[in-house]
>>> print(open('model-v4.cif').read())   # mmCIF, N, CA and C atoms
data_model
loop_
_atom_site.label_atom_id
_atom_site.label_comp_id
_atom_site.auth_asym_id
_atom_site.auth_seq_id
_atom_site.Cartn_x
_atom_site.Cartn_y
_atom_site.Cartn_z
N MET A 1 10.97 8.42 -8.99
CA MET A 1 9.78 9.18 -8.63
C MET A 1 8.76 9.16 -9.77
N LEU A 2 9.25 9.27 -11.01
CA LEU A 2 8.34 9.25 -12.15
C LEU A 2 7.62 7.92 -12.23
N ASP A 3 8.34 6.83 -11.99
CA ASP A 3 7.73 5.51 -12.00
C ASP A 3 6.62 5.42 -10.95
N LEU A 4 6.86 5.98 -9.78
CA LEU A 4 5.87 5.96 -8.71
C LEU A 4 4.64 6.76 -9.09
N LEU A 5 4.84 7.97 -9.60
CA LEU A 5 3.71 8.85 -9.92
C LEU A 5 2.95 8.38 -11.16
N ALA A 6 3.62 7.66 -12.04
CA ALA A 6 2.96 7.15 -13.24
C ALA A 6 2.11 5.93 -12.94
N ASN A 7 2.27 5.34 -11.78
CA ASN A 7 1.48 4.18 -11.38
C ASN A 7 0.02 4.59 -11.18
N LYS A 8 -0.89 3.83 -11.77
CA LYS A 8 -2.32 4.13 -11.71
C LYS A 8 -2.80 4.34 -10.28
N TRP A 9 -2.49 3.40 -9.40
CA TRP A 9 -3.02 3.46 -8.04
C TRP A 9 -2.38 4.58 -7.23
N SER A 10 -1.12 4.88 -7.49
CA SER A 10 -0.47 5.99 -6.79
C SER A 10 -1.14 7.30 -7.15
N ALA A 11 -1.35 7.51 -8.44
CA ALA A 11 -1.99 8.74 -8.90
C ALA A 11 -3.41 8.87 -8.34
N LEU A 12 -4.14 7.78 -8.32
CA LEU A 12 -5.52 7.82 -7.79
C LEU A 12 -5.53 8.01 -6.28
N ALA A 13 -4.59 7.40 -5.57
CA ALA A 13 -4.51 7.58 -4.12
C ALA A 13 -4.18 9.02 -3.77
N ILE A 14 -3.25 9.62 -4.50
CA ILE A 14 -2.92 11.02 -4.27
C ILE A 14 -4.14 11.89 -4.53
N GLY A 15 -4.87 11.59 -5.59
CA GLY A 15 -6.10 12.33 -5.88
C GLY A 15 -7.15 12.19 -4.79
N ALA A 16 -7.27 11.00 -4.24
CA ALA A 16 -8.25 10.78 -3.17
C ALA A 16 -7.88 11.54 -1.90
N LEU A 17 -6.59 11.77 -1.69
CA LEU A 17 -6.12 12.45 -0.48
C LEU A 17 -6.04 13.97 -0.64
N GLU A 18 -6.38 14.48 -1.81
CA GLU A 18 -6.30 15.93 -2.05
C GLU A 18 -7.18 16.74 -1.10
N ASP A 19 -8.32 16.19 -0.74
CA ASP A 19 -9.26 16.94 0.11
C ASP A 19 -9.00 16.77 1.60
N GLY A 20 -8.01 15.99 1.97
CA GLY A 20 -7.69 15.81 3.38
C GLY A 20 -7.39 14.37 3.74
N ALA A 21 -7.06 14.18 5.00
CA ALA A 21 -6.67 12.87 5.50
C ALA A 21 -7.83 11.87 5.43
N LEU A 22 -7.47 10.62 5.13
CA LEU A 22 -8.45 9.54 5.06
C LEU A 22 -7.90 8.30 5.75
N ARG A 23 -8.82 7.50 6.25
CA ARG A 23 -8.45 6.21 6.82
C ARG A 23 -8.39 5.18 5.71
N ASN A 24 -7.79 4.03 6.01
CA ASN A 24 -7.59 2.98 5.03
C ASN A 24 -8.91 2.56 4.38
N GLY A 25 -9.93 2.34 5.17
CA GLY A 25 -11.23 1.91 4.64
C GLY A 25 -11.86 2.95 3.73
N GLU A 26 -11.70 4.22 4.08
CA GLU A 26 -12.23 5.30 3.24
C GLU A 26 -11.49 5.35 1.90
N LEU A 27 -10.18 5.16 1.96
CA LEU A 27 -9.41 5.12 0.71
C LEU A 27 -9.83 3.94 -0.16
N ARG A 28 -10.03 2.79 0.45
CA ARG A 28 -10.43 1.60 -0.31
C ARG A 28 -11.77 1.82 -1.00
N ARG A 29 -12.71 2.49 -0.33
CA ARG A 29 -14.00 2.78 -0.94
C ARG A 29 -13.87 3.76 -2.10
N ARG A 30 -13.00 4.75 -1.96
CA ARG A 30 -12.82 5.74 -3.03
C ARG A 30 -12.08 5.16 -4.23
N LEU A 31 -11.18 4.22 -3.97
CA LEU A 31 -10.39 3.61 -5.04
C LEU A 31 -11.02 2.27 -5.42
N GLU A 32 -12.16 2.34 -6.07
CA GLU A 32 -12.89 1.13 -6.43
C GLU A 32 -12.01 0.19 -7.25
N GLY A 33 -11.97 -1.06 -6.84
CA GLY A 33 -11.23 -2.07 -7.58
C GLY A 33 -9.84 -2.36 -7.03
N ILE A 34 -9.37 -1.57 -6.07
CA ILE A 34 -8.05 -1.82 -5.50
C ILE A 34 -8.15 -2.88 -4.41
N SER A 35 -7.22 -3.81 -4.41
CA SER A 35 -7.22 -4.84 -3.37
C SER A 35 -6.56 -4.26 -2.11
N PRO A 36 -6.88 -4.81 -0.95
CA PRO A 36 -6.23 -4.33 0.28
C PRO A 36 -4.70 -4.43 0.21
N LYS A 37 -4.19 -5.49 -0.41
CA LYS A 37 -2.74 -5.67 -0.50
C LYS A 37 -2.11 -4.58 -1.37
N VAL A 38 -2.71 -4.29 -2.51
CA VAL A 38 -2.17 -3.27 -3.41
C VAL A 38 -2.28 -1.88 -2.77
N LEU A 39 -3.37 -1.62 -2.07
CA LEU A 39 -3.51 -0.34 -1.37
C LEU A 39 -2.42 -0.18 -0.33
N SER A 40 -2.18 -1.21 0.44
CA SER A 40 -1.13 -1.17 1.46
C SER A 40 0.24 -0.92 0.84
N GLN A 41 0.55 -1.63 -0.23
CA GLN A 41 1.83 -1.46 -0.92
C GLN A 41 1.96 -0.04 -1.48
N THR A 42 0.89 0.46 -2.06
CA THR A 42 0.90 1.79 -2.65
C THR A 42 1.14 2.85 -1.58
N LEU A 43 0.43 2.75 -0.46
CA LEU A 43 0.60 3.72 0.61
C LEU A 43 2.00 3.67 1.21
N LYS A 44 2.55 2.47 1.33
CA LYS A 44 3.92 2.34 1.86
C LYS A 44 4.92 2.99 0.92
N ARG A 45 4.75 2.80 -0.38
CA ARG A 45 5.67 3.41 -1.35
C ARG A 45 5.54 4.94 -1.33
N LEU A 46 4.31 5.43 -1.26
CA LEU A 46 4.10 6.88 -1.22
C LEU A 46 4.71 7.47 0.05
N GLU A 47 4.57 6.77 1.16
CA GLU A 47 5.14 7.23 2.42
C GLU A 47 6.67 7.19 2.36
N ALA A 48 7.24 6.15 1.80
CA ALA A 48 8.69 6.02 1.71
C ALA A 48 9.31 7.11 0.86
N HIS A 49 8.56 7.63 -0.11
CA HIS A 49 9.06 8.70 -0.98
C HIS A 49 8.67 10.09 -0.47
N GLY A 50 8.05 10.15 0.69
CA GLY A 50 7.75 11.45 1.30
C GLY A 50 6.53 12.15 0.74
N LEU A 51 5.65 11.42 0.06
CA LEU A 51 4.45 12.03 -0.51
C LEU A 51 3.24 11.94 0.42
N VAL A 52 3.27 10.97 1.32
CA VAL A 52 2.16 10.71 2.23
C VAL A 52 2.69 10.52 3.64
N THR A 53 1.93 11.01 4.60
CA THR A 53 2.24 10.73 6.00
C THR A 53 1.22 9.75 6.55
N ARG A 54 1.66 8.94 7.47
CA ARG A 54 0.81 7.96 8.14
C ARG A 54 0.80 8.33 9.61
N THR A 55 -0.39 8.62 10.14
CA THR A 55 -0.53 9.01 11.53
C THR A 55 -1.35 7.95 12.27
N VAL A 56 -0.76 7.41 13.33
CA VAL A 56 -1.44 6.40 14.15
C VAL A 56 -1.89 7.08 15.44
N TYR A 57 -3.18 6.97 15.74
CA TYR A 57 -3.73 7.56 16.95
C TYR A 57 -3.86 6.48 18.02
N ALA A 58 -3.47 6.81 19.23
CA ALA A 58 -3.50 5.86 20.35
C ALA A 58 -4.93 5.73 20.87
N GLU A 59 -5.72 4.99 20.14
CA GLU A 59 -7.11 4.74 20.50
C GLU A 59 -7.35 3.24 20.43
N VAL A 60 -8.47 2.83 20.99
CA VAL A 60 -8.85 1.42 20.89
C VAL A 60 -10.19 1.37 20.20
N PRO A 61 -10.28 0.80 19.00
CA PRO A 61 -9.19 0.25 18.20
C PRO A 61 -8.32 1.37 17.62
N ALA A 62 -7.11 1.02 17.24
CA ALA A 62 -6.18 2.01 16.70
C ALA A 62 -6.76 2.64 15.44
N ARG A 63 -6.54 3.94 15.32
CA ARG A 63 -7.00 4.68 14.13
C ARG A 63 -5.77 5.16 13.39
N VAL A 64 -5.74 4.90 12.09
CA VAL A 64 -4.61 5.30 11.24
C VAL A 64 -5.16 6.16 10.12
N GLU A 65 -4.54 7.33 9.92
CA GLU A 65 -4.94 8.22 8.83
C GLU A 65 -3.76 8.50 7.92
N TYR A 66 -4.07 8.67 6.67
CA TYR A 66 -3.07 9.00 5.66
C TYR A 66 -3.39 10.38 5.11
N ALA A 67 -2.35 11.20 4.92
CA ALA A 67 -2.53 12.55 4.39
C ALA A 67 -1.35 12.89 3.48
N LEU A 68 -1.58 13.81 2.57
CA LEU A 68 -0.51 14.26 1.69
C LEU A 68 0.44 15.16 2.45
N THR A 69 1.71 15.02 2.17
CA THR A 69 2.71 15.94 2.68
C THR A 69 2.73 17.15 1.74
N GLU A 70 3.58 18.11 2.04
CA GLU A 70 3.72 19.26 1.15
C GLU A 70 4.18 18.81 -0.24
N LEU A 71 5.11 17.85 -0.27
CA LEU A 71 5.57 17.31 -1.54
C LEU A 71 4.43 16.60 -2.27
N GLY A 72 3.63 15.85 -1.54
CA GLY A 72 2.49 15.17 -2.12
C GLY A 72 1.46 16.14 -2.68
N GLN A 73 1.24 17.24 -1.98
CA GLN A 73 0.31 18.25 -2.46
C GLN A 73 0.83 18.90 -3.74
N SER A 74 2.14 19.13 -3.80
CA SER A 74 2.69 19.73 -5.02
C SER A 74 2.60 18.76 -6.20
N ALA A 75 2.66 17.46 -5.94
CA ALA A 75 2.52 16.46 -7.00
C ALA A 75 1.07 16.30 -7.42
N SER A 76 0.14 16.62 -6.54
CA SER A 76 -1.28 16.40 -6.85
C SER A 76 -1.80 17.32 -7.95
N ALA A 77 -1.27 18.54 -8.04
CA ALA A 77 -1.78 19.48 -9.05
C ALA A 77 -1.56 18.98 -10.48
N PRO A 78 -0.33 18.63 -10.87
CA PRO A 78 -0.18 18.12 -12.25
C PRO A 78 -0.90 16.79 -12.47
N LEU A 79 -0.99 15.96 -11.44
CA LEU A 79 -1.72 14.70 -11.58
C LEU A 79 -3.21 14.96 -11.78
N ARG A 80 -3.74 15.98 -11.11
CA ARG A 80 -5.16 16.34 -11.27
C ARG A 80 -5.42 16.75 -12.72
N HIS A 81 -4.51 17.53 -13.31
CA HIS A 81 -4.67 17.94 -14.71
C HIS A 81 -4.63 16.73 -15.63
N LEU A 82 -3.75 15.80 -15.33
CA LEU A 82 -3.66 14.58 -16.14
C LEU A 82 -4.95 13.76 -16.02
N ARG A 83 -5.46 13.61 -14.79
CA ARG A 83 -6.72 12.86 -14.60
C ARG A 83 -7.86 13.54 -15.35
N ASP A 84 -7.94 14.87 -15.27
CA ASP A 84 -8.99 15.61 -15.97
C ASP A 84 -8.89 15.39 -17.48
N TRP A 85 -7.65 15.43 -18.00
CA TRP A 85 -7.44 15.22 -19.43
C TRP A 85 -7.89 13.82 -19.84
N VAL A 86 -7.50 12.81 -19.05
CA VAL A 86 -7.86 11.43 -19.36
C VAL A 86 -9.38 11.27 -19.35
N GLU A 87 -10.04 11.82 -18.32
CA GLU A 87 -11.51 11.70 -18.23
C GLU A 87 -12.19 12.40 -19.40
N GLY A 88 -11.63 13.52 -19.85
CA GLY A 88 -12.22 14.27 -20.97
C GLY A 88 -11.97 13.65 -22.31
N ASN A 89 -10.97 12.79 -22.42
CA ASN A 89 -10.61 12.23 -23.72
C ASN A 89 -10.73 10.71 -23.79
N ALA A 90 -11.21 10.09 -22.73
CA ALA A 90 -11.32 8.63 -22.75
C ALA A 90 -12.68 8.19 -23.26
#
>>> encode(input="model-v4.cif", output="structure tokens")
Amino acid sequence: MLDLLANKWSALAIGALEDGALRNGELRRRLEGISPKVLSQTLKRLEAHGLVTRTVYAEVPARVEYALTELGQSASAPLRHLRDWVEGNA
């Protein structure tokens, strides 16, 4: 779990989802510089560890949203403090 949370893109994805559910394209725009492949891998890892939920809506075209689980929300607070510290000292 520490390896997952220490990953740059995982921490940033969790931060992007703090304010609520987002679609893949919205996440990609918020996480400037992430490739679609890395975003997909990151979201799959976060989902596999129970930090993120993936909801598919039966629409045409299909709509998929990602949101933090309760575990993901609890992980977001210390990560937010770490991000704030890095931004203040970088």
>>> resolve_selection(input="model-v4.cif", expression="the PyMOL selection byres ((chain A and resi 1-12) around 8)", output="list in words")
Ala13, Ile14, Gly15, Ala16, Leu17, Glu18, Arg30, Leu31, Ile34, Val38, Leu39, Thr42, Leu43, Arg45, Leu46, His49, Ser76, Leu79 and Arg80 of chain A
>>> closest_residue(input="model-v4.cif", among="A:Ala67, A:Pro61, A:Arg28, A:Ser35", to="A:Glu47", atoms="only C-alpha atoms")
A:Ala67
>>> select_by_dssp(input="model-v4.cif", residues="chain A", states="strand (DSSP E)", output="list in words")
Leu22, Arg23, Val52, Thr53, Arg54, Thr55, Val56, Tyr57, Arg63, Val64, Glu65, Tyr66, Ala67 and Leu68 of chain A
>>> resolve_selection(input="model-v4.cif", expression="the PyMOL selection byres ((chain A and resi 22) around 5)", output="MDAnalysis selection string")
chainID A and resid 20:21 23:24 65:66
>>> atom_distance(input="model-v4.cif", atom1="atom CA of A:Glu70", atom2="atom N of A:Lys44")
16.8 Å
>>> atom_distance(input="model-v4.cif", atom1="atom CA of A:Glu87", atom2="atom CA of A:Ala48")
28.9 Å
>>> atom_distance(input="model-v4.cif", atom1="atom CA of A:Ala77", atom2="atom CA of A:Arg63")
28.0 Å
>>> closest_residue(input="model-v4.cif", among="A:Tyr57, A:Leu68, A:Asn89, A:Leu51", to="A:Asp19", atoms="all atoms listed in the file")
A:Leu68
>>> select_by_dssp(input="model-v4.cif", residues="chain A", states="alpha helix (DSSP H)", output="PyMOL selection string")
chain A and resi 2-6+8-16+24-30+36-48+70-89
>>> build_atoms(input="model-v4.cif", residues="stretch 9-20 of chain A", atoms="all heavy atoms", output="mmCIF file, in the coordinates of the input")
data_model
loop_
_atom_site.group_PDB
_atom_site.id
_atom_site.type_symbol
_atom_site.label_atom_id
_atom_site.label_comp_id
_atom_site.auth_asym_id
_atom_site.auth_seq_id
_atom_site.Cartn_x
_atom_site.Cartn_y
_atom_site.Cartn_z
ATOM 1 N N TRP A 9 -2.490 3.400 -9.400
ATOM 2 C CA TRP A 9 -3.020 3.460 -8.040
ATOM 3 C C TRP A 9 -2.380 4.580 -7.230
ATOM 4 O O TRP A 9 -3.030 5.197 -6.395
ATOM 5 C CB TRP A 9 -2.880 2.122 -7.330
ATOM 6 C CG TRP A 9 -3.753 1.066 -7.943
ATOM 7 C CD1 TRP A 9 -3.347 -0.097 -8.530
ATOM 8 C CD2 TRP A 9 -5.187 1.081 -8.059
ATOM 9 N NE1 TRP A 9 -4.432 -0.804 -8.998
ATOM 10 C CE2 TRP A 9 -5.573 -0.104 -8.717
ATOM 11 C CE3 TRP A 9 -6.170 1.979 -7.680
ATOM 12 C CZ2 TRP A 9 -6.911 -0.405 -8.993
ATOM 13 C CZ3 TRP A 9 -7.503 1.680 -7.951
ATOM 14 C CH2 TRP A 9 -7.854 0.497 -8.607
ATOM 15 N N SER A 10 -1.120 4.880 -7.490
ATOM 16 C CA SER A 10 -0.470 5.990 -6.790
ATOM 17 C C SER A 10 -1.140 7.300 -7.150
ATOM 18 O O SER A 10 -1.461 8.112 -6.274
ATOM 19 C CB SER A 10 1.011 6.068 -7.151
ATOM 20 O OG SER A 10 1.708 4.946 -6.692
ATOM 21 N N ALA A 11 -1.350 7.510 -8.440
ATOM 22 C CA ALA A 11 -1.990 8.740 -8.900
ATOM 23 C C ALA A 11 -3.410 8.870 -8.340
ATOM 24 O O ALA A 11 -3.818 9.959 -7.904
ATOM 25 C CB ALA A 11 -2.013 8.788 -10.427
ATOM 26 N N LEU A 12 -4.140 7.780 -8.320
ATOM 27 C CA LEU A 12 -5.520 7.820 -7.790
ATOM 28 C C LEU A 12 -5.530 8.010 -6.280
ATOM 29 O O LEU A 12 -6.398 8.710 -5.747
ATOM 30 C CB LEU A 12 -6.274 6.554 -8.196
ATOM 31 C CG LEU A 12 -6.558 6.427 -9.701
ATOM 32 C CD1 LEU A 12 -7.183 5.071 -10.009
ATOM 33 C CD2 LEU A 12 -7.443 7.556 -10.188
ATOM 34 N N ALA A 13 -4.590 7.400 -5.570
ATOM 35 C CA ALA A 13 -4.510 7.580 -4.120
ATOM 36 C C ALA A 13 -4.180 9.020 -3.770
ATOM 37 O O ALA A 13 -4.780 9.601 -2.851
ATOM 38 C CB ALA A 13 -3.477 6.631 -3.521
ATOM 39 N N ILE A 14 -3.250 9.620 -4.500
ATOM 40 C CA ILE A 14 -2.920 11.020 -4.270
ATOM 41 C C ILE A 14 -4.140 11.890 -4.530
ATOM 42 O O ILE A 14 -4.456 12.805 -3.761
ATOM 43 C CB ILE A 14 -1.716 11.449 -5.140
ATOM 44 C CG1 ILE A 14 -0.442 10.791 -4.605
ATOM 45 C CG2 ILE A 14 -1.569 12.969 -5.173
ATOM 46 C CD1 ILE A 14 0.773 10.951 -5.502
ATOM 47 N N GLY A 15 -4.870 11.590 -5.590
ATOM 48 C CA GLY A 15 -6.100 12.330 -5.880
ATOM 49 C C GLY A 15 -7.150 12.190 -4.790
ATOM 50 O O GLY A 15 -7.813 13.162 -4.430
ATOM 51 N N ALA A 16 -7.270 11.000 -4.240
ATOM 52 C CA ALA A 16 -8.250 10.780 -3.170
ATOM 53 C C ALA A 16 -7.880 11.540 -1.900
ATOM 54 O O ALA A 16 -8.756 11.945 -1.135
ATOM 55 C CB ALA A 16 -8.348 9.279 -2.864
ATOM 56 N N LEU A 17 -6.590 11.770 -1.690
ATOM 57 C CA LEU A 17 -6.120 12.450 -0.480
ATOM 58 C C LEU A 17 -6.040 13.970 -0.640
ATOM 59 O O LEU A 17 -5.693 14.672 0.308
ATOM 60 C CB LEU A 17 -4.759 11.903 -0.059
ATOM 61 C CG LEU A 17 -4.763 10.462 0.445
ATOM 62 C CD1 LEU A 17 -3.346 9.922 0.543
ATOM 63 C CD2 LEU A 17 -5.480 10.373 1.782
ATOM 64 N N GLU A 18 -6.380 14.480 -1.810
ATOM 65 C CA GLU A 18 -6.300 15.930 -2.050
ATOM 66 C C GLU A 18 -7.180 16.740 -1.100
ATOM 67 O O GLU A 18 -6.818 17.846 -0.726
ATOM 68 C CB GLU A 18 -6.694 16.265 -3.497
ATOM 69 C CG GLU A 18 -5.650 15.943 -4.507
ATOM 70 C CD GLU A 18 -6.098 16.256 -5.924
ATOM 71 O OE1 GLU A 18 -7.318 16.242 -6.202
ATOM 72 O OE2 GLU A 18 -5.221 16.511 -6.751
ATOM 73 N N ASP A 19 -8.320 16.190 -0.740
ATOM 74 C CA ASP A 19 -9.260 16.940 0.110
ATOM 75 C C ASP A 19 -9.000 16.770 1.600
ATOM 76 O O ASP A 19 -9.729 17.318 2.415
ATOM 77 C CB ASP A 19 -10.699 16.514 -0.216
ATOM 78 C CG ASP A 19 -11.098 16.902 -1.631
ATOM 79 O OD1 ASP A 19 -10.591 17.929 -2.128
ATOM 80 O OD2 ASP A 19 -11.905 16.178 -2.228
ATOM 81 N N GLY A 20 -8.010 15.990 1.970
ATOM 82 C CA GLY A 20 -7.690 15.810 3.380
ATOM 83 C C GLY A 20 -7.390 14.370 3.740
ATOM 84 O O GLY A 20 -7.479 13.467 2.902
#
